[in-house]
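Since the structure comes first, as C-alpha cells, the remarks are kept for the end.
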Amino acid sequence: MGTPLSTSSTSANDPGALPLLAGRGLPDFAAITTDQVEQAIPHLLAELNGELTELETRLDARLADGPPLGWAEVMDPLQHLGERLRWSWRVVSHLNGVCNTPELRTAHQQQQGNVVAFGNRAGQSRSLYRALQALDQGGSALDATQRRILQAELRDMQLRGVGLEGEQQLAFNATTQHLAELATTFGNHVLDATNSWSLTLGSEAELAGLPPSLKELLAEAATAAGEPGKWRMGLDMPRVAPFLKYSERRDLRERVYKAQVSRASSGELDNLPLIETILSLRLQQAQRLGYGHWAEVSLAAKMADSVASVEQLLEELRCAALPVALTELEALRSCARRHGAPEAADLKPWDVSYWAERLRQESFELDSEALRPYFPLDSVLQGLFSLCGRLFNITIVADTGSAPLWHPDVQHFHVFDASSGEALAAFYLDPFSRPGSKRGGAWMDECLGRSINKAGEPVLPVAYLICNQSPPVAGTPSLMTFEEVETLFHEFGHGLQHMLTTVERPQAAGINNVEWDAVELPSQFMENWCYERGTLMGMAKHWQSGESLPEAEYQKLLAARTFMGGSATLRQVHFALTDLRLHSAWSPSCGQSPDQMRREIAQTTTALEPIAEDAFLCAFSHIFAGGYSAGYYSYKWAEVLSADAFSAFEEAGLDQEDAVVTMGRRFRDTVLSWGGSRSPAEVFEAFRGRQPSSEALIRHSGLAVA
Ligand SMILES: [Zn+2]
C-alpha cells in the first residue's frame, strides 16, 4: 500500500511526504512548488500502477474462486486509487490555470501524458472489466445509485473497446489512435489557415466605420508584421467579428467574409478529405462496438435517449425560429433601404452583422460600459448570496482567514444550512483577471468532492469559482459588465450543484456522473435570475450614488436578450442538425458528400443560403477536432431544461414569495441534491412534475407566436 502521510516524516528525500501528495483536506497552496510536480506525480503514478496491478491480481483470483464479488472489493479500492490521483492532479491543473509560470506549464505538460496513460490503463483493464461485470450480474444487493455508477463505469469501459476480442480490439485501438491524429491535423489546418491569411489596409478610407479599439488592434498587427503605419486584417475572431459588424466598406466585408468561410478548404491545408475519413472511421468504430452509427455511441452516455428525440427537439426549435429569422432579415433589408444602401435589394451574408448592428443601435443603444458603475462586485455578490439564501435556504459567510489561498485576491466562503446551521460546503472565489499568469474565461472546478472518509466522517465539498473581470483600481472597486454578472451566476450554478449535493458516493455526488447534455441545467438556470426584476434591481446599485439601475436601461437589457433571437437559434439548429445527420445518416456509400448533405440541411435551417465559397465544415473544429461529435445539440438540449426549470418559477409567480421559496426548496432537494445519482430525466421530472418542454426556451428567445 502507499505511504501514509505522516507529519513526522517530512524528509526531503521522501516524496511521499510532499504537500502535493497530502491527498486530503484543502491543499496547502503556498507549500506546493513546481519541482514537487516533477517529483511527486511520477512517484504517485508508480505507486498507483503497483496498486492497480495488485488489485487486478486479487480480482482475477477472486473471480476464479469464491463467493460473488461485493461493492467494497471492487468499487471502493478503485475509487480510492482514482481519488488519490485526482486530489494531487487537480491541484496541479488548478495552479496551472490560476498561477501559471513557464516552469509550471512545462511540468504540467510533461506529466499530463502519464496521468492520461494511467487513466487509459485502468479504463481498459480486462480484469477490472470482468470484475465489474461479475458485480453487475452477481447476487450483491446494490441500491439505485450504486447501479447507476456501475452502469456508467461499464459503459465507459465498453466504449473504450475493452469488451472486444483479438483482431477486432487491435483494429479498434489502431483506429482510435488514427482518429486522434486526424483530429489534431484537422485543428492545425484550421489554425494555420486562419493565421496564413491577411489583408493590409493602407488608407483611412478603408477603415470607414471601424471603432478605435479595432483600428488599434489592426495597427498593432501591421506593426508586428513589419508594416508600421498601416492596418492589417486577419481571420481571427477578435478582428473578424467587429470588422463585419462595423466596416462601412461592403467590398472589404465581402473579401473578409469569403476568406473566413473558405478556411482550410483548399491546397495543403484542405480539410475536405479529412472529413470523409474521420466520418468513415467513426462509423467503423461504432459498428465494431455493436452500434448502428457514431451518433448512437455519443448518445449512449447522454440524457437524450435517441437520434429521434434530438431530431424532434431541433425540429421544434427550427419551426419556431425560421419565420422569426426571415422577419429579422426583412427588418435588416428595411433598415438598409432607409439608409439608401444598394444592398437592400440583395442582402448578402457579409451584410448581416453590419445591418444588425445599425438596427440594434437605432432600436436601443445599450452601452455595456456605461452599466459597469451599477455592478460593483460586492453588491453583485450580496445580490447573488441573498437570492441563494431565499431560494435554497442557505447562508454564505466569508471566511475569517484560516484557509490557505493561492493569491491575495482570492476569497474563501463557507455555506451553511439556514435552518439547522449545519456546515454544508465551502468555496473559493478568484474574481479578477491577471494577464500572463491566469487563464482567460470563467469556470467552476472541484477542490474537494463530497464523500465519507475511511474513518466514516463526512468530507464536505469545496468548489473553485474562477472569473476574469476587471480588478479594482485606485479607489474604484471592481465594476462588472452585465455579461460578467451573468457569467458569475452561471458558474455559481455549477458550484451549487457541486456544493449542495447530498449524495455520499463520490462517483455520483454533485456534478459527477451527470450526463453532459444535462450538466448545464443549474448554471443556465441561475443566469435567468439576472433578468428577473427583483434580483437585478436589488443588486444593481450605482457604486457612488447608490442609485438603482434606471428603468430604461433595464428595458434595453431585456430587448438585447432577444434581439436577432430567431437568427441565433436557427444558426445553432443548423450546426446541431448537420453534426447529428453526418454522424447518423452519412456513409461513404450514401450517394452524397458531407458538404452536399450540409447544403441540403441548409435549405430548411438557414434564412440566407450558404454561398458557393462557404466551406463551413472544413473549420467545424467542435465536431472534427474537439469532443462535440454528435453532441453539438447539447447546447440547446440543456437550454431547454434550464429555461423550463425557470418557467416553473414564472408559473408560480415571481412576485409570490411563498411560491418562489417552495419552488426553490424543491430545486435544491432534487436537481442540486441528487446530482448524478439518478438519471437526469428522473431528476427533472421530480422537480418539474412532467417531462421537459421546449415552450419556455422558445418564449425566452423571443420566438413565441404572440
Ligand atoms: Zn457551464
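Residue names in the C-alpha cells use chain letters A, B, ... in the order shown, residue numbers from 1 in each chain, and ligand numbers from 1 in the order shown.
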
Kindly compile the residues surrounding ligand 1 within 10 Å, counting only C-alpha atoms and all ligand atoms, and format them as a list in words. Ala442, Trp443, Met444, Thr487, His490, Glu491, Phe492, Gly493, His494, Gly495, Val519, Glu520, Leu521, Pro522, Ser523, Gln524 and Tyr635 of chain A

Please produce a file of those selected residues containing N, CA and C atoms, as a PDB file, in the first residue's frame.
```
ATOM      1  N   ALA A 442     -14.042  31.747 -17.584  1.00  0.00           N
ATOM      2  CA  ALA A 442     -14.557  31.513 -16.237  1.00  0.00           C
ATOM      3  C   ALA A 442     -14.895  30.044 -16.108  1.00  0.00           C
ATOM      4  N   TRP A 443     -14.703  29.498 -14.910  1.00  0.00           N
ATOM      5  CA  TRP A 443     -15.035  28.088 -14.733  1.00  0.00           C
ATOM      6  C   TRP A 443     -15.252  27.759 -13.256  1.00  0.00           C
ATOM      7  N   MET A 444     -15.949  26.615 -13.050  1.00  0.00           N
ATOM      8  CA  MET A 444     -16.088  26.048 -11.719  1.00  0.00           C
ATOM      9  C   MET A 444     -15.354  24.729 -11.735  1.00  0.00           C
ATOM     10  N   THR A 487     -22.033  35.642 -16.145  1.00  0.00           N
ATOM     11  CA  THR A 487     -21.031  34.589 -16.051  1.00  0.00           C
ATOM     12  C   THR A 487     -20.854  34.128 -14.604  1.00  0.00           C
ATOM     13  N   HIS A 490     -23.720  32.033 -13.658  1.00  0.00           N
ATOM     14  CA  HIS A 490     -23.611  30.746 -14.367  1.00  0.00           C
ATOM     15  C   HIS A 490     -22.682  29.793 -13.595  1.00  0.00           C
ATOM     16  N   GLU A 491     -21.478  30.274 -13.336  1.00  0.00           N
ATOM     17  CA  GLU A 491     -20.511  29.404 -12.653  1.00  0.00           C
ATOM     18  C   GLU A 491     -20.984  29.060 -11.246  1.00  0.00           C
ATOM     19  N   PHE A 492     -21.659  30.000 -10.608  1.00  0.00           N
ATOM     20  CA  PHE A 492     -22.159  29.727  -9.259  1.00  0.00           C
ATOM     21  C   PHE A 492     -23.214  28.614  -9.301  1.00  0.00           C
ATOM     22  N   GLY A 493     -23.979  28.547 -10.407  1.00  0.00           N
ATOM     23  CA  GLY A 493     -24.955  27.462 -10.571  1.00  0.00           C
ATOM     24  C   GLY A 493     -24.263  26.105 -10.597  1.00  0.00           C
ATOM     25  N   HIS A 494     -23.148  25.995 -11.333  1.00  0.00           N
ATOM     26  CA  HIS A 494     -22.366  24.749 -11.297  1.00  0.00           C
ATOM     27  C   HIS A 494     -21.905  24.490  -9.868  1.00  0.00           C
ATOM     28  N   GLY A 495     -21.436  25.558  -9.226  1.00  0.00           N
ATOM     29  CA  GLY A 495     -20.933  25.437  -7.851  1.00  0.00           C
ATOM     30  C   GLY A 495     -22.012  24.936  -6.895  1.00  0.00           C
ATOM     31  N   VAL A 519     -25.640  18.801 -17.885  1.00  0.00           N
ATOM     32  CA  VAL A 519     -24.790  19.381 -16.846  1.00  0.00           C
ATOM     33  C   VAL A 519     -24.925  20.906 -16.770  1.00  0.00           C
ATOM     34  N   GLU A 520     -25.404  21.536 -17.855  1.00  0.00           N
ATOM     35  CA  GLU A 520     -25.566  22.993 -17.824  1.00  0.00           C
ATOM     36  C   GLU A 520     -26.931  23.427 -17.265  1.00  0.00           C
ATOM     37  N   LEU A 521     -27.719  22.481 -16.783  1.00  0.00           N
ATOM     38  CA  LEU A 521     -29.028  22.858 -16.245  1.00  0.00           C
ATOM     39  C   LEU A 521     -28.938  23.864 -15.091  1.00  0.00           C
ATOM     40  N   PRO A 522     -28.222  23.552 -13.991  1.00  0.00           N
ATOM     41  CA  PRO A 522     -28.216  24.525 -12.886  1.00  0.00           C
ATOM     42  C   PRO A 522     -27.511  25.831 -13.225  1.00  0.00           C
ATOM     43  N   SER A 523     -26.508  25.789 -14.103  1.00  0.00           N
ATOM     44  CA  SER A 523     -25.745  27.005 -14.403  1.00  0.00           C
ATOM     45  C   SER A 523     -26.581  27.980 -15.234  1.00  0.00           C
ATOM     46  N   GLN A 524     -27.216  27.465 -16.296  1.00  0.00           N
ATOM     47  CA  GLN A 524     -28.039  28.347 -17.120  1.00  0.00           C
ATOM     48  C   GLN A 524     -29.314  28.748 -16.391  1.00  0.00           C
ATOM     49  N   TYR A 635     -25.922  21.965 -26.405  1.00  0.00           N
ATOM     50  CA  TYR A 635     -26.125  23.362 -26.011  1.00  0.00           C
ATOM     51  C   TYR A 635     -27.615  23.672 -25.891  1.00  0.00           C
TER      52      TYR A 635
END
```

Excluding Ala585 (chain A) and any residue of its chain fewer than 6 positions from it, enumerate the residues within 10 Å of it, using only C-alpha atoms, and give them as a ChimeraX atom specification. /A:293-295,597

Output of the above residues as a compact mmCIF listing (two decimals), in the first residue's frame, restricted to C-alpha atoms:
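Everything below was put into again.txt:
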```
# COMPACT_ATOMS: atom_id res chain seq x y z
CA HIS A 293 -23.65 4.61 -36.22
CA TRP A 294 -21.49 7.10 -34.31
CA ALA A 295 -24.44 9.17 -33.05
CA MET A 597 -25.61 16.85 -47.10
```

Near Arg337 (chain A), within 12 Å and counting only C-alpha atoms, which residues show up once chain neighbours fewer than 6 positions away are dropped, as a ChimeraX atom specification? /A:330-331,343-347,355,359

With C-alpha atoms retained, could you export that selection as a PDB file, in the first residue's frame?
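Generated output (out-v8.pdb):
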```pdb
ATOM      1  CA  GLU A 330     -36.570  41.600 -43.687  1.00  0.00           C
ATOM      2  CA  ALA A 331     -36.078  44.165 -40.917  1.00  0.00           C
ATOM      3  CA  GLU A 343     -27.655  46.008 -50.768  1.00  0.00           C
ATOM      4  CA  ALA A 344     -31.249  46.455 -49.537  1.00  0.00           C
ATOM      5  CA  ALA A 345     -32.339  44.717 -52.734  1.00  0.00           C
ATOM      6  CA  ASP A 346     -29.806  41.896 -52.470  1.00  0.00           C
ATOM      7  CA  LEU A 347     -28.689  41.334 -48.882  1.00  0.00           C
ATOM      8  CA  TRP A 355     -27.049  45.971 -40.621  1.00  0.00           C
ATOM      9  CA  LEU A 359     -30.580  48.331 -36.396  1.00  0.00           C
TER      10      LEU A 359
END
```

When DSSP is applied to the backbone of this structure, which of region 455-587 of chain A are assigned alpha helix (DSSP H)? Write them out as a PyMOL selection string. chain A and resi 482-499+521-528+533-539+551-562+565-582

Neighbour list for Phe687 (chain A) as an MDAnalysis selection string, cut-off 12 Å, only C-alpha atoms, skip fewer than 4 positions in-chain: chainID A and resid 641:642 644:649 662:674 680:683 691:692

I need the chosen residues saved as a PDB file, in the first residue's frame, with C-alpha atoms.
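Full text of selection-v1.pdb as output:
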```pdb
ATOM      1  CA  LEU A 641     -34.007  22.107 -19.408  1.00  0.00           C
ATOM      2  CA  SER A 642     -32.812  25.313 -17.740  1.00  0.00           C
ATOM      3  CA  ASP A 644     -38.176  25.038 -18.462  1.00  0.00           C
ATOM      4  CA  ALA A 645     -36.922  24.817 -14.865  1.00  0.00           C
ATOM      5  CA  PHE A 646     -37.009  28.614 -14.558  1.00  0.00           C
ATOM      6  CA  SER A 647     -40.512  28.673 -16.032  1.00  0.00           C
ATOM      7  CA  ALA A 648     -41.704  26.673 -13.014  1.00  0.00           C
ATOM      8  CA  PHE A 649     -40.939  29.844 -11.003  1.00  0.00           C
ATOM      9  CA  THR A 662     -41.341  26.488  -2.126  1.00  0.00           C
ATOM     10  CA  MET A 663     -40.108  26.040  -5.690  1.00  0.00           C
ATOM     11  CA  GLY A 664     -36.544  26.957  -4.680  1.00  0.00           C
ATOM     12  CA  ARG A 665     -36.530  24.294  -1.945  1.00  0.00           C
ATOM     13  CA  ARG A 666     -37.775  21.744  -4.448  1.00  0.00           C
ATOM     14  CA  PHE A 667     -34.948  22.678  -6.858  1.00  0.00           C
ATOM     15  CA  ARG A 668     -32.434  22.229  -4.043  1.00  0.00           C
ATOM     16  CA  ASP A 669     -33.966  18.901  -2.964  1.00  0.00           C
ATOM     17  CA  THR A 670     -33.903  17.434  -6.478  1.00  0.00           C
ATOM     18  CA  VAL A 671     -31.548  18.924  -9.094  1.00  0.00           C
ATOM     19  CA  LEU A 672     -28.941  20.282  -6.671  1.00  0.00           C
ATOM     20  CA  SER A 673     -29.180  17.454  -4.161  1.00  0.00           C
ATOM     21  CA  TRP A 674     -29.308  14.317  -6.323  1.00  0.00           C
ATOM     22  CA  PRO A 680     -31.350  13.402 -15.470  1.00  0.00           C
ATOM     23  CA  ALA A 681     -34.809  12.639 -16.869  1.00  0.00           C
ATOM     24  CA  GLU A 682     -35.895  11.316 -13.469  1.00  0.00           C
ATOM     25  CA  VAL A 683     -34.341  14.288 -11.639  1.00  0.00           C
ATOM     26  CA  GLN A 691     -41.065  15.830 -18.854  1.00  0.00           C
ATOM     27  CA  PRO A 692     -39.145  18.814 -20.261  1.00  0.00           C
TER      28      PRO A 692
END
```

I'd like the contact shell of Leu488 (chain A) - 12 Å cut-off, only C-alpha atoms, skipping same-chain residues fewer than 4 positions apart - returned as number ranges by chain. A: 375, 377, 380-381, 383-385, 429-432, 441-444, 465-469, 480-484, 492-495, 523-524, 526-527, 529-530

Contacts of Thr327 (chain A) at 12 Å (only C-alpha atoms; same-chain gap of 3+ positions) as a PyMOL selection string: chain A and resi 320-324+330-334+563-567+607-608+703

Grab the CA of His498 (chain A) to CA of Val397 (chain A) distance for me, in Å with one decimal place.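 Between CA of His498 (chain A) and CA of Val397 (chain A) the gap works out to 17.5 Å.
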
Residues at most 8 Å from Leu549 (chain A), counting only C-alpha atoms, excluding those fewer than 2 positions away in the same chain, as a list in words? Tyr374, Met537, Ala540, Lys541, His542, Glu547, Glu551, Glu553 and Tyr554 of chain A

Each region 335-441 of chain A residue no farther than 10 Å from region 255-277 of chain A, nearest pair in Å, only C-alpha atoms, as a Markdown table:
```
| residue | atom | partner | partner_atom | distance |
| --- | --- | --- | --- | --- |
| A:Pro349 | CA | A:Tyr257 | CA | 8.0 |
| A:Trp350 | CA | A:Tyr257 | CA | 5.8 |
| A:Asp351 | CA | A:Tyr257 | CA | 9.5 |
```
